[in-house]
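Visitor: The file below is start_8.cif, mmCIF, C-alpha atoms (C1' of nucleotides):
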data_run
#
loop_
_atom_site.label_atom_id
_atom_site.label_comp_id
_atom_site.auth_asym_id
_atom_site.auth_seq_id
_atom_site.Cartn_x
_atom_site.Cartn_y
_atom_site.Cartn_z
CA MET A 1 76.39 157.25 75.22
CA ASN A 2 76.59 153.77 73.99
CA GLN A 3 75.54 150.62 75.74
CA MET A 4 78.97 149.47 76.77
CA ASP A 5 77.82 148.75 80.28
CA ASP A 6 81.16 147.34 81.30
CA HIS A 7 84.50 149.01 81.56
CA ASP A 8 86.31 148.42 78.37
CA PRO A 9 88.97 150.95 77.53
CA GLY A 10 88.99 150.48 73.82
CA PRO A 11 89.17 147.28 71.89
CA MET A 12 92.00 144.83 72.39
CA HIS A 13 90.30 141.58 71.70
CA LYS A 14 92.61 138.69 71.20
CA GLY A 15 92.03 135.10 70.31
CA ILE A 16 93.06 132.25 72.53
CA GLN A 17 96.17 131.49 70.56
CA GLU A 18 97.61 134.95 70.88
CA VAL A 19 96.63 135.29 74.51
CA ALA A 20 98.28 132.00 75.34
CA GLU A 21 101.50 133.15 73.74
CA MET A 22 101.38 136.54 75.40
CA LEU A 23 100.95 135.04 78.83
CA GLY A 24 103.17 132.05 78.33
CA VAL A 25 100.47 129.56 79.13
CA THR A 26 98.76 126.91 77.03
CA GLN A 27 95.33 127.19 75.52
CA ARG A 28 94.37 124.25 77.65
CA ALA A 29 95.23 126.24 80.74
CA LEU A 30 93.07 129.15 79.61
CA ARG A 31 90.12 126.82 79.03
CA PHE A 32 90.78 125.19 82.34
CA TYR A 33 90.61 128.50 84.18
CA GLU A 34 87.40 129.27 82.37
CA ASP A 35 85.94 125.88 83.30
CA ASN A 36 86.75 126.73 86.87
CA GLY A 37 85.08 130.11 86.72
CA LEU A 38 88.17 132.29 86.91
CA ILE A 39 87.56 134.04 83.62
CA SER A 40 84.69 134.20 81.17
CA PRO A 41 85.68 135.66 77.86
CA GLN A 42 83.07 136.66 75.33
CA ARG A 43 82.09 134.24 72.64
CA VAL A 44 81.72 134.99 68.98
CA SER A 45 79.93 131.95 67.68
CA GLY A 46 81.79 129.70 70.00
CA THR A 47 85.24 131.22 69.71
CA ARG A 48 86.65 132.89 72.80
CA ILE A 49 87.51 136.55 72.67
CA TYR A 50 89.61 137.93 75.48
CA SER A 51 89.05 141.54 76.53
CA ARG A 52 91.42 143.77 78.41
CA ARG A 53 89.56 142.90 81.57
CA ASP A 54 90.12 139.20 80.98
CA MET A 55 93.80 139.88 80.52
CA GLY A 56 93.89 141.72 83.81
CA ARG A 57 92.28 138.82 85.55
CA MET A 58 94.73 136.46 83.97
CA GLN A 59 97.57 138.53 85.35
CA LEU A 60 96.08 138.20 88.80
CA ILE A 61 95.62 134.50 88.30
CA LEU A 62 99.22 133.99 87.24
CA ARG A 63 100.47 136.08 90.11
CA GLY A 64 98.37 134.04 92.52
CA LYS A 65 99.83 130.88 91.11
CA ARG A 66 103.38 132.12 91.50
CA LEU A 67 102.59 132.96 95.08
CA GLY A 68 101.43 129.44 95.72
CA PHE A 69 97.70 129.99 95.89
CA SER A 70 95.47 127.25 94.58
CA ILE A 71 92.94 127.73 91.83
CA ARG A 72 90.20 127.74 94.42
CA GLU A 73 91.82 130.42 96.49
CA ILE A 74 92.40 132.54 93.44
CA ARG A 75 88.79 132.16 92.42
CA GLU A 76 87.81 133.24 95.88
CA PHE A 77 89.79 136.44 95.47
CA LEU A 78 88.40 137.15 92.06
CA ASP A 79 84.83 136.48 93.09
CA LEU A 80 85.12 138.87 95.97
CA TYR A 81 86.84 141.39 93.77
CA ASP A 82 83.88 141.21 91.40
CA ARG A 83 81.24 141.64 94.04
CA ASP A 84 82.95 144.39 95.97
CA PRO A 85 83.46 147.55 93.98
CA THR A 86 84.42 149.45 97.12
CA GLN A 87 87.14 146.87 97.52
CA HIS A 88 87.06 147.15 101.27
CA ASP A 89 85.94 143.65 102.08
CA GLN A 90 88.01 142.39 99.24
CA ILE A 91 91.21 143.92 100.54
CA SER A 92 90.34 142.82 104.01
CA HIS A 93 89.82 139.27 102.92
CA LEU A 94 92.93 139.32 100.81
CA LEU A 95 94.90 140.53 103.78
CA THR A 96 93.63 137.67 105.90
CA ARG A 97 94.45 135.10 103.29
CA VAL A 98 97.86 136.54 102.62
CA ARG A 99 98.68 136.45 106.29
CA GLU A 100 97.52 132.88 106.54
CA LYS A 101 99.67 131.98 103.61
CA ILE A 102 102.67 133.70 105.14
CA VAL A 103 102.24 131.70 108.33
CA ASP A 104 101.91 128.57 106.28
CA LEU A 105 105.00 129.22 104.24
CA LYS A 106 107.04 130.15 107.26
CA ALA A 107 106.15 126.81 108.79
CA GLN A 108 107.29 125.15 105.60
CA GLN A 109 110.47 127.14 105.85
CA VAL A 110 111.16 125.83 109.33
CA ALA A 111 110.46 122.27 108.24
CA LEU A 112 112.70 122.69 105.24
CA GLU A 113 115.48 124.05 107.38
CA LYS A 114 115.22 121.07 109.68
CA THR A 115 115.22 118.60 106.84
CA ILE A 116 118.23 120.22 105.21
CA GLY A 117 120.02 120.07 108.54
CA GLU A 118 119.35 116.37 108.84
CA LEU A 119 120.49 115.76 105.31
CA ILE A 120 123.71 117.64 105.87
CA GLN A 121 124.37 115.52 108.88
CA ILE A 122 123.71 112.38 106.90
CA GLU A 123 126.01 113.68 104.22
CA ALA A 124 128.81 114.17 106.73
CA GLU A 125 128.38 110.71 108.15
CA ALA A 126 128.33 109.12 104.73
CA ALA A 127 131.40 111.02 103.63
CA GLU A 128 133.21 109.86 106.72
CA GLN A 129 132.25 106.26 106.09
CA LEU A 130 133.62 106.51 102.61
CA SER A 131 136.91 108.03 103.64
CA LYS A 132 137.65 105.67 106.47
CA GLY A 133 136.45 102.59 104.65
CA GLY A 134 138.16 103.47 101.38
CA ALA A 135 139.14 100.28 99.56
CA MET B 1 124.70 74.89 111.91
CA ASN B 2 121.13 75.31 110.96
CA GLN B 3 119.77 76.54 107.69
CA MET B 4 118.94 80.08 108.80
CA ASP B 5 120.64 81.54 105.81
CA ASP B 6 119.57 85.06 106.69
CA HIS B 7 120.53 87.20 109.59
CA ASP B 8 117.88 86.95 112.21
CA PRO B 9 118.95 87.87 115.72
CA GLY B 10 116.33 85.95 117.58
CA PRO B 11 112.63 85.92 117.00
CA MET B 12 110.58 89.03 117.16
CA HIS B 13 107.90 88.26 114.66
CA LYS B 14 104.96 90.56 114.75
CA GLY B 15 101.74 90.64 112.83
CA ILE B 16 100.71 93.52 110.66
CA GLN B 17 98.40 95.02 113.23
CA GLU B 18 101.05 95.30 115.91
CA VAL B 19 103.69 96.55 113.51
CA ALA B 20 101.36 99.22 112.22
CA GLU B 21 100.74 100.44 115.73
CA MET B 22 104.40 100.33 116.66
CA LEU B 23 105.40 102.41 113.66
CA GLY B 24 102.42 104.69 113.61
CA VAL B 25 101.41 103.77 110.10
CA THR B 26 98.38 102.02 108.71
CA GLN B 27 98.22 98.42 107.57
CA ARG B 28 97.43 99.75 104.15
CA ALA B 29 100.72 101.61 104.12
CA LEU B 30 102.62 98.46 105.04
CA ARG B 31 100.97 96.54 102.24
CA PHE B 32 101.62 99.41 99.90
CA TYR B 33 105.34 99.36 100.67
CA GLU B 34 105.36 95.65 100.10
CA ASP B 35 103.55 96.01 96.78
CA ASN B 36 106.26 98.43 95.81
CA GLY B 37 109.05 96.09 96.77
CA LEU B 38 110.34 97.98 99.78
CA ILE B 39 109.79 95.13 102.21
CA SER B 40 108.89 91.48 101.86
CA PRO B 41 107.83 89.91 105.12
CA GLN B 42 107.49 86.18 105.47
CA ARG B 43 104.14 84.57 104.97
CA VAL B 44 102.57 81.99 107.18
CA SER B 45 99.70 80.71 105.10
CA GLY B 46 99.11 84.11 103.69
CA THR B 47 99.50 86.14 106.81
CA ARG B 48 102.42 88.55 106.92
CA ILE B 49 105.04 88.10 109.61
CA TYR B 50 107.49 90.95 110.12
CA SER B 51 111.00 90.08 111.24
CA ARG B 52 113.50 92.34 112.90
CA ARG B 53 115.05 92.96 109.54
CA ASP B 54 111.74 94.11 108.14
CA MET B 55 111.39 96.48 111.04
CA GLY B 56 114.80 97.91 110.35
CA ARG B 57 113.89 98.49 106.75
CA MET B 58 110.68 100.14 107.80
CA GLN B 59 112.67 102.54 109.96
CA LEU B 60 114.76 103.45 106.96
CA ILE B 61 111.66 103.88 104.87
CA LEU B 62 110.03 106.18 107.38
CA ARG B 63 113.18 108.18 107.76
CA GLY B 64 113.44 108.53 104.01
CA LYS B 65 109.87 109.74 103.90
CA ARG B 66 110.48 112.35 106.56
CA LEU B 67 113.44 113.57 104.58
CA GLY B 68 111.28 114.05 101.54
CA PHE B 69 112.42 111.11 99.43
CA SER B 70 109.86 109.43 97.25
CA ILE B 71 109.01 105.77 97.47
CA ARG B 72 111.04 105.16 94.35
CA GLU B 73 114.11 106.84 95.72
CA ILE B 74 113.81 104.92 98.95
CA ARG B 75 113.48 101.67 97.07
CA GLU B 76 116.59 102.60 95.16
CA PHE B 77 118.50 102.97 98.41
CA LEU B 78 117.20 99.73 99.83
CA ASP B 79 117.91 97.78 96.68
CA LEU B 80 121.46 98.98 96.62
CA TYR B 81 121.78 98.32 100.29
CA ASP B 82 120.69 94.74 99.67
CA ARG B 83 123.07 94.10 96.84
CA ASP B 84 126.10 95.72 98.37
CA PRO B 85 127.25 94.09 101.54
CA THR B 86 130.50 96.06 101.48
CA GLN B 87 128.30 99.13 101.49
CA HIS B 88 130.81 101.12 99.52
CA ASP B 89 128.77 101.73 96.42
CA GLN B 90 125.73 102.04 98.55
CA ILE B 91 127.17 104.80 100.68
CA SER B 92 128.59 106.45 97.61
CA HIS B 93 125.24 106.43 95.90
CA LEU B 94 123.48 107.60 99.02
CA LEU B 95 125.90 110.47 99.28
CA THR B 96 125.19 111.53 95.73
CA ARG B 97 121.47 111.40 96.23
CA VAL B 98 121.62 113.22 99.50
CA ARG B 99 123.66 115.98 97.95
CA GLU B 100 121.22 116.26 95.08
CA LYS B 101 118.39 116.49 97.51
CA ILE B 102 120.17 119.17 99.49
CA VAL B 103 120.66 121.22 96.35
CA ASP B 104 117.04 120.71 95.51
CA LEU B 105 115.79 121.75 98.90
CA LYS B 106 118.03 124.78 99.02
CA ALA B 107 116.56 125.91 95.76
CA GLN B 108 113.13 125.47 97.26
CA GLN B 109 114.29 127.48 100.21
CA VAL B 110 115.32 130.37 97.99
CA ALA B 111 112.03 130.25 96.14
CA LEU B 112 110.14 130.16 99.40
CA GLU B 113 112.05 133.13 100.69
CA LYS B 114 111.23 135.07 97.59
CA THR B 115 107.57 134.18 97.75
CA ILE B 116 107.33 135.12 101.40
CA GLY B 117 108.97 138.42 100.60
CA GLU B 118 106.42 139.15 97.92
CA LEU B 119 103.57 138.21 100.20
CA ILE B 120 104.84 140.47 102.94
CA GLN B 121 104.96 143.31 100.49
CA ILE B 122 101.44 142.58 99.38
CA GLU B 123 100.40 142.47 102.99
CA ALA B 124 101.87 145.90 103.61
CA GLU B 125 100.16 147.37 100.58
CA ALA B 126 96.84 145.87 101.51
CA ALA B 127 97.11 147.09 105.08
CA GLU B 128 97.82 150.56 103.84
CA GLN B 129 94.84 150.50 101.53
CA LEU B 130 92.63 149.53 104.41
CA SER B 131 93.90 152.23 106.71
CA LYS B 132 93.74 155.06 104.25
CA GLY B 133 90.43 154.00 102.76
CA GLY B 134 88.81 153.28 106.12
CA ALA B 135 85.07 153.94 105.97
"C1'" DG C 1 80.90 72.57 113.80
"C1'" DC C 2 80.02 77.38 114.05
"C1'" DC C 3 81.00 82.34 115.10
"C1'" DG C 4 83.47 86.42 115.16
"C1'" DG C 5 87.59 88.96 114.64
"C1'" DA C 6 91.62 89.56 111.81
"C1'" DA C 7 93.96 89.01 107.65
"C1'" DT C 8 94.06 88.79 102.59
"C1'" DT C 9 93.53 90.47 97.69
"C1'" DG C 10 91.61 93.34 94.16
"C1'" DA C 11 90.18 97.56 92.60
"C1'" DC C 12 88.36 102.07 92.48
"C1'" DG C 13 88.70 106.89 94.76
"C1'" DT C 14 91.28 111.19 95.90
"C1'" DA C 15 93.47 115.78 95.00
"C1'" DA C 16 95.72 119.44 91.43
"C1'" DG C 17 96.44 121.18 87.23
"C1'" DC C 18 96.54 120.70 83.37
"C1'" DG C 19 98.31 117.21 78.91
"C1'" DT C 20 96.68 114.81 75.28
"C1'" DC C 21 93.88 112.71 72.16
"C1'" DA C 22 89.56 112.31 69.32
"C1'" DG C 23 85.98 113.87 66.82
"C1'" DT C 24 83.41 117.96 65.21
"C1'" DT C 25 82.50 122.73 63.73
"C1'" DT C 26 83.77 127.24 62.08
"C1'" DG C 27 85.88 130.60 59.28
"C1'" DC C 28 88.85 132.38 55.77
"C1'" DG C 29 90.97 132.36 51.32
"C1'" DC C 30 90.61 131.70 46.52
"C1'" DG D 1 82.23 125.30 46.94
"C1'" DC D 2 86.45 123.31 48.85
"C1'" DG D 3 90.32 122.74 51.75
"C1'" DC D 4 92.91 123.61 55.61
"C1'" DA D 5 93.98 125.87 59.80
"C1'" DA D 6 92.24 126.92 64.18
"C1'" DA D 7 88.89 126.55 67.70
"C1'" DC D 8 85.60 123.79 70.24
"C1'" DT D 9 83.91 120.09 73.47
"C1'" DG D 10 84.26 115.91 75.92
"C1'" DA D 11 86.80 112.71 78.29
"C1'" DC D 12 90.50 109.91 79.81
"C1'" DG D 13 95.57 110.16 81.44
"C1'" DC D 14 99.13 111.35 84.74
"C1'" DT D 15 101.46 111.42 89.38
"C1'" DT D 16 101.85 110.12 94.56
"C1'" DA D 17 100.75 107.66 98.55
"C1'" DC D 18 97.90 105.69 100.28
"C1'" DG D 19 92.11 105.54 101.92
"C1'" DT D 20 88.28 102.91 101.52
"C1'" DC D 21 85.21 99.55 100.33
"C1'" DA D 22 84.01 94.66 99.07
"C1'" DA D 23 84.27 90.00 98.89
"C1'" DT D 24 86.73 86.14 100.69
"C1'" DT D 25 89.50 83.29 103.77
"C1'" DC D 26 91.59 81.85 107.95
"C1'" DC D 27 92.15 80.89 112.75
"C1'" DG D 28 91.17 80.31 117.62
"C1'" DG D 29 87.63 79.44 120.98
"C1'" DC D 30 83.85 76.97 122.87
#
Here is the file; what I need is its structure written in the form of structure tokens.

Guide:
Amino acid sequence: MNQMDDHDPGPMHKGIQEVAEMLGVTQRALRFYEDNGLISPQRVSGTRIYSRRDMGRMQLILRGKRLGFSIREIREFLDLYDRDPTQHDQISHLLTRVREKIVDLKAQQVALEKTIGELIQIEAEAAEQLSKGGA
Amino acid sequence: MNQMDDHDPGPMHKGIQEVAEMLGVTQRALRFYEDNGLISPQRVSGTRIYSRRDMGRMQLILRGKRLGFSIREIREFLDLYDRDPTQHDQISHLLTRVREKIVDLKAQQVALEKTIGELIQIEAEAAEQLSKGGA
DNA sequence: GCCGGAATTGACGTAAGCGTCAGTTTGCGC
DNA sequence: GCGCAAACTGACGCTTACGTCAATTCCGGC
């Protein structure tokens, strides 16, 4: 029994350069997420070393981003995920947030629809102007 | 024949305060639009006086905003509108821009749809987790 | 001739998510 | 023991559409 107190299924420690390439993000982004408390890779005399766990968190972060969550919201998820091994409260909270986001996006959808409708109408009017006023 | 070289169907000159209230915008916004060349009200010893023409332009500006055009795009429209009394090029340009915007917004619509779909799936999964893992 | 309210012009602040230096340190290879 | 590549830490930049002071000026009323 060694002292690996954290889950770490074998080594897979990558440097920032490689991680950035793997995930398709910049090193700056990785440091930014760290500055904002989303990840906290080990340090070997300053240099960041990303474990498998860090990679998993990054996947969650990138997914959250794609889904339109802000950095703060994502951190909220991750924090709760960390503090709730049973995952009950975490899932519950996630569910709430996801539902809120769905409501939000559906509202955006309605607004978008309306705007597109107006634009199409404007387009028709403009096209008519052009045809009837053709020089 | 007087020297009113500009169109001005009768007086209707309002101060910034009244105009702001009428349009539901702040005075700061009005000054901002002026700084960005969207409107240029007369000055009476410094104080801004908004003519009917200015009001008309403000209506266009606000409409453009509602339709999701940026200040720059709106200025583009207004500039062309100013320089093209025949309105042919202006309408033509407007048409192009409107169509671009429609394409843009439709793309956003697709992306939104996709995102909402993913969120709904996540919602379902989370709900299931909660029900089956209920304490 | 003074007071108060309204208008004016800077100019910095805000939010989000990094981009982009600049200057320094570390580590590896030979 | 040196050089260069790579990593690090600030810290300011960017974009958009104004918000929010702050300091000044102007105008009407009494």

Visitor: Using all atoms listed in the file and a distance of at most 7 Å, pull out the residues of chain A that contact chain B, as a list in words.

Guide: Leu67, His88, Ile91, Leu95, Val98, Ile102, Leu105, Gln109, Thr115, Ile116, Leu119, Glu123, Ala126 and Leu130 of chain A

Visitor: Keeping only C-alpha atoms, take the residues you just selected and write them out as a PDB file, in the coordinates of the input.

Guide:
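Saved to part.pdb:
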ATOM      1  CA  LEU A  67     102.590 132.960  95.080  1.00  0.00           C
ATOM      2  CA  HIS A  88      87.060 147.150 101.270  1.00  0.00           C
ATOM      3  CA  ILE A  91      91.210 143.920 100.540  1.00  0.00           C
ATOM      4  CA  LEU A  95      94.900 140.530 103.780  1.00  0.00           C
ATOM      5  CA  VAL A  98      97.860 136.540 102.620  1.00  0.00           C
ATOM      6  CA  ILE A 102     102.670 133.700 105.140  1.00  0.00           C
ATOM      7  CA  LEU A 105     105.000 129.220 104.240  1.00  0.00           C
ATOM      8  CA  GLN A 109     110.470 127.140 105.850  1.00  0.00           C
ATOM      9  CA  THR A 115     115.220 118.600 106.840  1.00  0.00           C
ATOM     10  CA  ILE A 116     118.230 120.220 105.210  1.00  0.00           C
ATOM     11  CA  LEU A 119     120.490 115.760 105.310  1.00  0.00           C
ATOM     12  CA  GLU A 123     126.010 113.680 104.220  1.00  0.00           C
ATOM     13  CA  ALA A 126     128.330 109.120 104.730  1.00  0.00           C
ATOM     14  CA  LEU A 130     133.620 106.510 102.610  1.00  0.00           C
TER      15      LEU A 130
END

Visitor: Hey, which of B:Leu23, B:Ala29, B:Ile71, B:Leu38 ends up closest to DG19 of chain D? Count all atoms listed in the file.

Guide: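 Checking each of B:Leu23, B:Ala29, B:Ile71, B:Leu38 against DG19 of chain D, counting all atoms listed in the file, the winner is B:Ala29.
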
Visitor: With all atoms listed in the file as the basis for distance, which of D:DC18, D:DA23, D:DA7, D:DG1 is at the shortest distance from chain A?

Guide: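 Once distances to chain A are computed over all atoms listed in the file, the minimum belongs to D:DA7.
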
Visitor: Please return the superposed copy of chain B as a short mmCIF file (atom, residue, chain, number, x, y, z; two decimals) with C-alpha atoms, in the coordinates of the input; the fit should be least squares onto chain A across all sequentially paired Cα atoms.

Guide:
data_model
loop_
_atom_site.label_atom_id
_atom_site.label_comp_id
_atom_site.auth_asym_id
_atom_site.auth_seq_id
_atom_site.Cartn_x
_atom_site.Cartn_y
_atom_site.Cartn_z
CA MET B 1 75.58 156.96 75.83
CA ASN B 2 75.89 153.54 74.41
CA GLN B 3 75.04 150.29 76.08
CA MET B 4 78.58 149.25 76.97
CA ASP B 5 77.59 148.46 80.49
CA ASP B 6 81.01 147.11 81.35
CA HIS B 7 84.30 148.87 81.56
CA ASP B 8 86.15 148.37 78.36
CA PRO B 9 88.85 150.91 77.61
CA GLY B 10 88.94 150.48 73.89
CA PRO B 11 89.16 147.29 71.93
CA MET B 12 91.99 144.90 72.36
CA HIS B 13 90.28 141.64 71.65
CA LYS B 14 92.59 138.75 71.12
CA GLY B 15 91.98 135.15 70.25
CA ILE B 16 93.03 132.30 72.45
CA GLN B 17 96.14 131.53 70.48
CA GLU B 18 97.58 135.01 70.79
CA VAL B 19 96.64 135.34 74.43
CA ALA B 20 98.27 132.04 75.23
CA GLU B 21 101.48 133.18 73.62
CA MET B 22 101.38 136.57 75.28
CA LEU B 23 100.97 135.06 78.73
CA GLY B 24 103.17 132.06 78.23
CA VAL B 25 100.46 129.57 79.02
CA THR B 26 98.75 126.95 76.93
CA GLN B 27 95.30 127.22 75.41
CA ARG B 28 94.34 124.30 77.57
CA ALA B 29 95.22 126.29 80.65
CA LEU B 30 93.05 129.19 79.52
CA ARG B 31 90.11 126.89 78.96
CA PHE B 32 90.77 125.25 82.27
CA TYR B 33 90.61 128.58 84.10
CA GLU B 34 87.40 129.34 82.31
CA ASP B 35 85.92 125.97 83.23
CA ASN B 36 86.74 126.82 86.80
CA GLY B 37 85.08 130.20 86.65
CA LEU B 38 88.19 132.35 86.86
CA ILE B 39 87.58 134.11 83.56
CA SER B 40 84.70 134.27 81.13
CA PRO B 41 85.68 135.74 77.79
CA GLN B 42 83.08 136.75 75.27
CA ARG B 43 82.07 134.34 72.58
CA VAL B 44 81.70 135.11 68.94
CA SER B 45 79.90 132.09 67.60
CA GLY B 46 81.74 129.85 69.95
CA THR B 47 85.16 131.33 69.63
CA ARG B 48 86.62 132.95 72.72
CA ILE B 49 87.51 136.63 72.59
CA TYR B 50 89.62 137.99 75.43
CA SER B 51 89.07 141.59 76.47
CA ARG B 52 91.43 143.81 78.37
CA ARG B 53 89.59 142.94 81.52
CA ASP B 54 90.14 139.25 80.92
CA MET B 55 93.81 139.93 80.46
CA GLY B 56 93.94 141.77 83.74
CA ARG B 57 92.31 138.87 85.49
CA MET B 58 94.75 136.50 83.89
CA GLN B 59 97.61 138.57 85.28
CA LEU B 60 96.12 138.23 88.73
CA ILE B 61 95.66 134.53 88.22
CA LEU B 62 99.24 134.02 87.16
CA ARG B 63 100.51 136.10 90.01
CA GLY B 64 98.42 134.08 92.43
CA LYS B 65 99.86 130.91 91.00
CA ARG B 66 103.42 132.13 91.39
CA LEU B 67 102.65 132.95 94.99
CA GLY B 68 101.50 129.43 95.61
CA PHE B 69 97.75 129.97 95.79
CA SER B 70 95.52 127.25 94.47
CA ILE B 71 92.98 127.77 91.75
CA ARG B 72 90.25 127.76 94.36
CA GLU B 73 91.90 130.42 96.44
CA ILE B 74 92.46 132.56 93.39
CA ARG B 75 88.85 132.19 92.37
CA GLU B 76 87.88 133.25 95.85
CA PHE B 77 89.87 136.46 95.44
CA LEU B 78 88.46 137.18 92.02
CA ASP B 79 84.90 136.52 93.08
CA LEU B 80 85.21 138.89 95.96
CA TYR B 81 86.92 141.40 93.77
CA ASP B 82 83.95 141.24 91.40
CA ARG B 83 81.33 141.67 94.05
CA ASP B 84 83.03 144.41 95.98
CA PRO B 85 83.55 147.56 94.02
CA THR B 86 84.50 149.47 97.16
CA GLN B 87 87.23 146.89 97.56
CA HIS B 88 87.14 147.15 101.31
CA ASP B 89 86.02 143.65 102.11
CA GLN B 90 88.07 142.40 99.26
CA ILE B 91 91.27 143.92 100.54
CA SER B 92 90.42 142.82 104.03
CA HIS B 93 89.89 139.26 102.91
CA LEU B 94 93.00 139.32 100.79
CA LEU B 95 94.98 140.51 103.76
CA THR B 96 93.72 137.66 105.88
CA ARG B 97 94.53 135.10 103.25
CA VAL B 98 97.93 136.53 102.58
CA ARG B 99 98.76 136.44 106.25
CA GLU B 100 97.60 132.85 106.50
CA LYS B 101 99.74 131.96 103.56
CA ILE B 102 102.74 133.68 105.09
CA VAL B 103 102.30 131.70 108.28
CA ASP B 104 101.97 128.57 106.24
CA LEU B 105 105.07 129.21 104.20
CA LYS B 106 107.11 130.14 107.23
CA ALA B 107 106.21 126.84 108.77
CA GLN B 108 107.35 125.16 105.59
CA GLN B 109 110.53 127.14 105.83
CA VAL B 110 111.22 125.85 109.32
CA ALA B 111 110.52 122.29 108.26
CA LEU B 112 112.76 122.69 105.26
CA GLU B 113 115.54 124.04 107.41
CA LYS B 114 115.25 121.10 109.71
CA THR B 115 115.26 118.61 106.88
CA ILE B 116 118.27 120.21 105.26
CA GLY B 117 120.05 120.08 108.58
CA GLU B 118 119.37 116.38 108.91
CA LEU B 119 120.52 115.73 105.38
CA ILE B 120 123.74 117.60 105.94
CA GLN B 121 124.40 115.50 108.97
CA ILE B 122 123.72 112.36 107.02
CA GLU B 123 126.03 113.62 104.33
CA ALA B 124 128.82 114.11 106.84
CA GLU B 125 128.36 110.66 108.30
CA ALA B 126 128.31 109.04 104.90
CA ALA B 127 131.41 110.91 103.80
CA GLU B 128 133.20 109.76 106.89
CA GLN B 129 132.21 106.17 106.31
CA LEU B 130 133.60 106.36 102.82
CA SER B 131 136.90 107.86 103.87
CA LYS B 132 137.58 105.53 106.73
CA GLY B 133 136.38 102.44 104.92
CA GLY B 134 138.16 103.28 101.68
CA ALA B 135 139.18 100.11 99.85
#

Visitor: Could you tell me which of C:DC28, C:DA11, C:DA22, C:DA16 comes closest to DT20 of chain D if we count all atoms listed in the file?

Guide: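 Residue with the minimum atom-to-atom distance to DT20 of chain D: C:DA11.
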